[in-house]
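Asks: Got a structure for you, questions after.
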Amino acid sequence: MKKEKMGRCAIYDLPFGWQGFAYVSCIWRHRNVKKVVTVFTLMAFLYVTLLLIQNGYDEQLRARNLGLKINIIKWVAAGDAEGSDSDRRIFFHETSGRGDLSFRQTCTVESAARHNPDRPIQVFMTADRLDYSSPWLEVLQNYANVSVVVTDPKSYFANTPLERWYNQGEWRNSLHKTVHLSDYMRVLTLLKGGGMYMDLDYVTIKRLDEKQLWNFLLFETGDMKLLTNSVVHLERGHRLIDEMIQRLVKYYDPNEYMWHGPSMISHIMSRTCAVKRGQPESNNCTDVRLLPHTYFAPVSNTEWQVLFSNATDETLAQLKNASYGVHCWSGKSNGEHLKVHSNQLYAVLAREHCPHTVALGSADYLA
C-alpha cells in the first residue's frame, strides 16, 4: 500500500475519514503536541479560575483561608438568598460600595443576629471585593445565622421592573445616590423574597416577635404623620410591594431625598388604605399593620443627642418595655464619638447587645 510519511508517522492510503482519524492519532503521539495541549488546558483552567475570582465566588474560600467561619454567598437569581424561609429573614443593605461594615453597622447586624438566632440574617454587599482588613467578619462569624451576600447590582436589577432605572443611571449623578440605590434595592429585595428590612443604624434590644412584626410599617415619629422605610416587613408577594415597585418605576427625582422612601410609602398608604396623617386608626387595610414609632425609634431624629447622654435606669426600663430596637440616626450622629466604656445610652446598649463588636472595637469609641 502507498504510504505518506510525516516525520515519524506514516499514514496509509485509507478512506478519507479513517485517514483523518489516523492523522490525529499520529499527531497526538507527538511529545511536543502533548506539551502544548497540557499548557493550553492549564491556561483554560486558570482563566476559568480568574473569572470565578472576578465574580466573587472565591470570597468564601478566601475567608476560609483566613480562618473565618462566616458564610459568604454570591447572589444568583433563585439562589440561596431567596430560599423557602426568606419571609423570615432579616436583611440589610450596604450600598456605598465599601467592602466592609463600620463598627456601628457591625453592631446593628450583631444585635439582630444575637436576639434572633433562629432567623436568617443577610447582609447584602455591593462592593466588587470584600475587605478582610477590618474586624467585621471576625465579629459576625460568631453567629451561624448570618450570611454575607455578595451582590452585583447590575445583575440584581436585571430582568426586573427596576432594571431600566438602574441602567439609565440618572441616579448616579444624584447627591443622594447611595440613599436612592438603597431605597430601590430594599424594595427589590422584598419583591424577590420578602422579609424584614432594617437600616444599618439600629440596635436590636430584644427578640423580634414574628406575630406582631409581620407585614408592618412603622411611623417615623410621635406625630404619626410620616411612615418610614428604615424598618419594614412584608411577605413575598404582598400587594404593597407591587405598589411600591410601580411607584418607583413611574417616578424618580434625583434631587429628592425622601420621595422614594418615607414619602412614597406614606402616599401609597394614603391612596390605597385611606390612612390620614396623624390618625393611625384610619388604616382600613387589614393586610398590613401600622406600628407606633416607639417600637423602633423611641429616640426621635430631633432628639438624637440623647443617645450620647448618660443613660438612666428609667430610660433603659422604658426602652426594654416598649421597644424592639433603637434607631441611632447615623445621618446625624456619625460625627459624635461613641465612647464604649462610658455611660452614654448608645454605649450601654452596645455593650449589652453587640458585645463582640465592642470587644474588637477601639478602646475609646466605635466609629
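Every chain in the C-alpha cells has a letter given in the order shown (A, B, ...), and although residue numbers restart at 1 in each chain, ligands are simply numbered from 1 in the order shown.
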Can you tell me, as a PyMOL selection string, what residues are no more than 9 Å from segment 217-219 of chain A when counting only C-alpha atoms, ignoring any on the same chain fewer than 2 positions away?
Replies: chain A and resi 213+215+221-234+265+280+288-297
Asks: I'd like the neighbourhood of segment 183-196 of chain A as a PyMOL selection string, where a residue qualifies if any of its atoms comes within 6 Å (using only C-alpha atoms), though same-chain residues fewer than 2 positions away should be ignored.
Replies: chain A and resi 82+86-90+180-181+232-236
Asks: Deliver the residues from the most recent selection as a file, using N, CA and C atoms, as an mmCIF file, in the first residue's frame.
Replies:
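Dumped everything to part.cif:
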data_model
loop_
_atom_site.group_PDB
_atom_site.id
_atom_site.type_symbol
_atom_site.label_atom_id
_atom_site.label_comp_id
_atom_site.auth_asym_id
_atom_site.auth_seq_id
_atom_site.Cartn_x
_atom_site.Cartn_y
_atom_site.Cartn_z
ATOM 1 N N GLU A 82 -32.839 33.731 48.415
ATOM 2 C CA GLU A 82 -34.304 33.761 48.386
ATOM 3 C C GLU A 82 -34.862 32.355 48.579
ATOM 4 N N SER A 86 -37.433 32.804 53.230
ATOM 5 C CA SER A 86 -36.977 34.188 53.063
ATOM 6 C C SER A 86 -37.928 35.195 53.689
ATOM 7 N N ASP A 87 -39.201 34.836 53.880
ATOM 8 C CA ASP A 87 -40.126 35.743 54.562
ATOM 9 C C ASP A 87 -39.693 36.005 56.003
ATOM 10 N N ARG A 88 -38.924 35.075 56.576
ATOM 11 C CA ARG A 88 -38.484 35.201 57.965
ATOM 12 C C ARG A 88 -37.135 35.908 58.087
ATOM 13 N N ARG A 89 -36.486 36.111 56.974
ATOM 14 C CA ARG A 89 -35.149 36.699 57.038
ATOM 15 C C ARG A 89 -35.197 38.142 57.508
ATOM 16 N N ILE A 90 -34.096 38.570 58.110
ATOM 17 C CA ILE A 90 -33.865 39.975 58.449
ATOM 18 C C ILE A 90 -32.673 40.399 57.597
ATOM 19 N N HIS A 180 -30.600 56.567 47.393
ATOM 20 C CA HIS A 180 -31.568 56.156 46.376
ATOM 21 C C HIS A 180 -31.349 54.707 45.957
ATOM 22 N N LEU A 181 -30.078 54.309 45.802
ATOM 23 C CA LEU A 181 -29.809 52.914 45.461
ATOM 24 C C LEU A 181 -30.325 52.000 46.562
ATOM 25 N N VAL A 232 -39.112 47.622 57.956
ATOM 26 C CA VAL A 232 -40.388 47.208 57.364
ATOM 27 C C VAL A 232 -40.366 45.703 57.164
ATOM 28 N N HIS A 233 -41.520 45.071 57.330
ATOM 29 C CA HIS A 233 -41.641 43.663 56.958
ATOM 30 C C HIS A 233 -42.830 43.495 56.029
ATOM 31 N N LEU A 234 -42.597 42.807 54.929
ATOM 32 C CA LEU A 234 -43.670 42.405 54.018
ATOM 33 C C LEU A 234 -43.320 41.018 53.487
ATOM 34 N N GLU A 235 -44.296 40.134 53.486
ATOM 35 C CA GLU A 235 -44.031 38.801 52.991
ATOM 36 C C GLU A 235 -44.003 38.799 51.469
ATOM 37 N N ARG A 236 -43.349 37.796 50.939
ATOM 38 C CA ARG A 236 -43.211 37.663 49.495
ATOM 39 C C ARG A 236 -44.583 37.695 48.820
#
Asks: Between atom CA of Pro262 of chain A and atom CA of His337 of chain A, measure the distance and give it in Å to one decimal.
Replies: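 Distance between the two atoms: 28.1 Å.
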Asks: Determine the nearest neighbour of Val123 of chain A from the options A:Leu101, A:Val139, A:Leu61, A:Val76, counting only C-alpha atoms.
Replies: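 Ranking A:Leu101, A:Val139, A:Leu61, A:Val76 by distance to Val123 of chain A, first place goes to A:Leu101.
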Asks: When you draw a straight line from atom CA of Glu352 of chain A to atom CA of Ser182 of chain A, how long is it in Å?
Replies: 28.6 Å
Asks: Among segment 126-326 of chain A, which residues carry a DSSP assignment of helix (DSSP H, G or I), reported as an MDAnalysis selection string?
Replies: chainID A and resid 136:140 153:157 163:168 170:173 177:193 239:250 262:273 280:282 293:295 304:308 313:322
Asks: Could you check how far atom CA of Ser133 of chain A sits from atom CA of Asn343 of chain A, in Å to one decimal?
Replies: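 A separation of 29.6 Å between them.
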Asks: From the list A:Trp171, A:Leu130, A:Trp75, A:Leu349, which residue is nearest Ala317 of chain A when using only C-alpha atoms?
Replies: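 Among the listed residues, A:Leu349 lies closest to Ala317 of chain A.
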Asks: What parts of segment 74-312 of chain A does DSSP call strand (DSSP E or B)? I'd like the answer as an MDAnalysis selection string.
Replies: chainID A and resid 74 90:94 121:125 146:150 195:198 202:204 216:219 227:234 276 279 289:291 310
Asks: I'd like to know which of A:Asp313, A:Asn167, A:Tyr197, A:Leu162 is closest to Met244 of chain A, using only C-alpha atoms.
Replies: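 Of A:Asp313, A:Asn167, A:Tyr197, A:Leu162, the one nearest Met244 of chain A is A:Leu162, counting only C-alpha atoms.
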Asks: Show me, as a list of chain:residue names, the residues that have an atom within 10 Å of Leu208 of chain A when counting only C-alpha atoms, minus same-chain residues fewer than 4 positions from it.
Replies: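 Non-adjacent residues within range: A:Ile90, A:Ala112, A:His115, A:Asn116, A:Arg119, A:Thr204, A:Gln212, A:Leu213, A:Trp214, A:Ser323, A:Tyr324, A:Gly325.
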Asks: May I have the residues from that selection written out with N, CA and C atoms, as a PDB file, in the first residue's frame?
Replies:
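Below you can see part_18.pdb, which holds the result:
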ATOM      1  N   ILE A  90     -34.096  38.570  58.110  1.00  0.00           N
ATOM      2  CA  ILE A  90     -33.865  39.975  58.449  1.00  0.00           C
ATOM      3  C   ILE A  90     -32.673  40.399  57.597  1.00  0.00           C
ATOM      4  N   ALA A 112     -29.065  42.128  65.897  1.00  0.00           N
ATOM      5  CA  ALA A 112     -30.198  41.429  65.273  1.00  0.00           C
ATOM      6  C   ALA A 112     -29.966  39.917  65.301  1.00  0.00           C
ATOM      7  N   HIS A 115     -30.235  38.341  68.986  1.00  0.00           N
ATOM      8  CA  HIS A 115     -31.568  38.189  69.571  1.00  0.00           C
ATOM      9  C   HIS A 115     -32.500  37.317  68.737  1.00  0.00           C
ATOM     10  N   ASN A 116     -32.058  36.942  67.537  1.00  0.00           N
ATOM     11  CA  ASN A 116     -32.908  36.131  66.646  1.00  0.00           C
ATOM     12  C   ASN A 116     -32.097  34.989  66.045  1.00  0.00           C
ATOM     13  N   ARG A 119     -33.427  32.885  62.978  1.00  0.00           N
ATOM     14  CA  ARG A 119     -33.857  33.543  61.745  1.00  0.00           C
ATOM     15  C   ARG A 119     -32.649  33.866  60.877  1.00  0.00           C
ATOM     16  N   THR A 204     -30.845  46.305  67.928  1.00  0.00           N
ATOM     17  CA  THR A 204     -31.956  45.455  68.335  1.00  0.00           C
ATOM     18  C   THR A 204     -31.751  45.077  69.798  1.00  0.00           C
ATOM     19  N   GLN A 212     -46.212  39.789  65.802  1.00  0.00           N
ATOM     20  CA  GLN A 212     -46.511  41.221  65.853  1.00  0.00           C
ATOM     21  C   GLN A 212     -45.802  41.984  64.735  1.00  0.00           C
ATOM     22  N   LEU A 213     -44.593  41.539  64.410  1.00  0.00           N
ATOM     23  CA  LEU A 213     -43.776  42.247  63.420  1.00  0.00           C
ATOM     24  C   LEU A 213     -43.811  41.508  62.091  1.00  0.00           C
ATOM     25  N   TRP A 214     -45.002  41.350  61.560  1.00  0.00           N
ATOM     26  CA  TRP A 214     -45.216  40.650  60.293  1.00  0.00           C
ATOM     27  C   TRP A 214     -46.140  41.506  59.439  1.00  0.00           C
ATOM     28  N   SER A 323     -39.890  48.875  73.430  1.00  0.00           N
ATOM     29  CA  SER A 323     -39.206  48.885  72.135  1.00  0.00           C
ATOM     30  C   SER A 323     -38.551  47.554  71.810  1.00  0.00           C
ATOM     31  N   TYR A 324     -38.462  47.295  70.502  1.00  0.00           N
ATOM     32  CA  TYR A 324     -37.710  46.153  69.997  1.00  0.00           C
ATOM     33  C   TYR A 324     -36.305  46.567  69.566  1.00  0.00           C
ATOM     34  N   GLY A 325     -36.161  47.830  69.230  1.00  0.00           N
ATOM     35  CA  GLY A 325     -34.873  48.329  68.776  1.00  0.00           C
ATOM     36  C   GLY A 325     -34.800  49.834  68.937  1.00  0.00           C
TER      37      GLY A 325
END
Asks: Which of these residues is nearest to Phe92 of chain A, using only C-alpha atoms: A:Asp80, A:Asp128, A:Glu59, A:Asp199?
Replies: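 Smallest separation from Phe92 of chain A among the options: A:Asp199.
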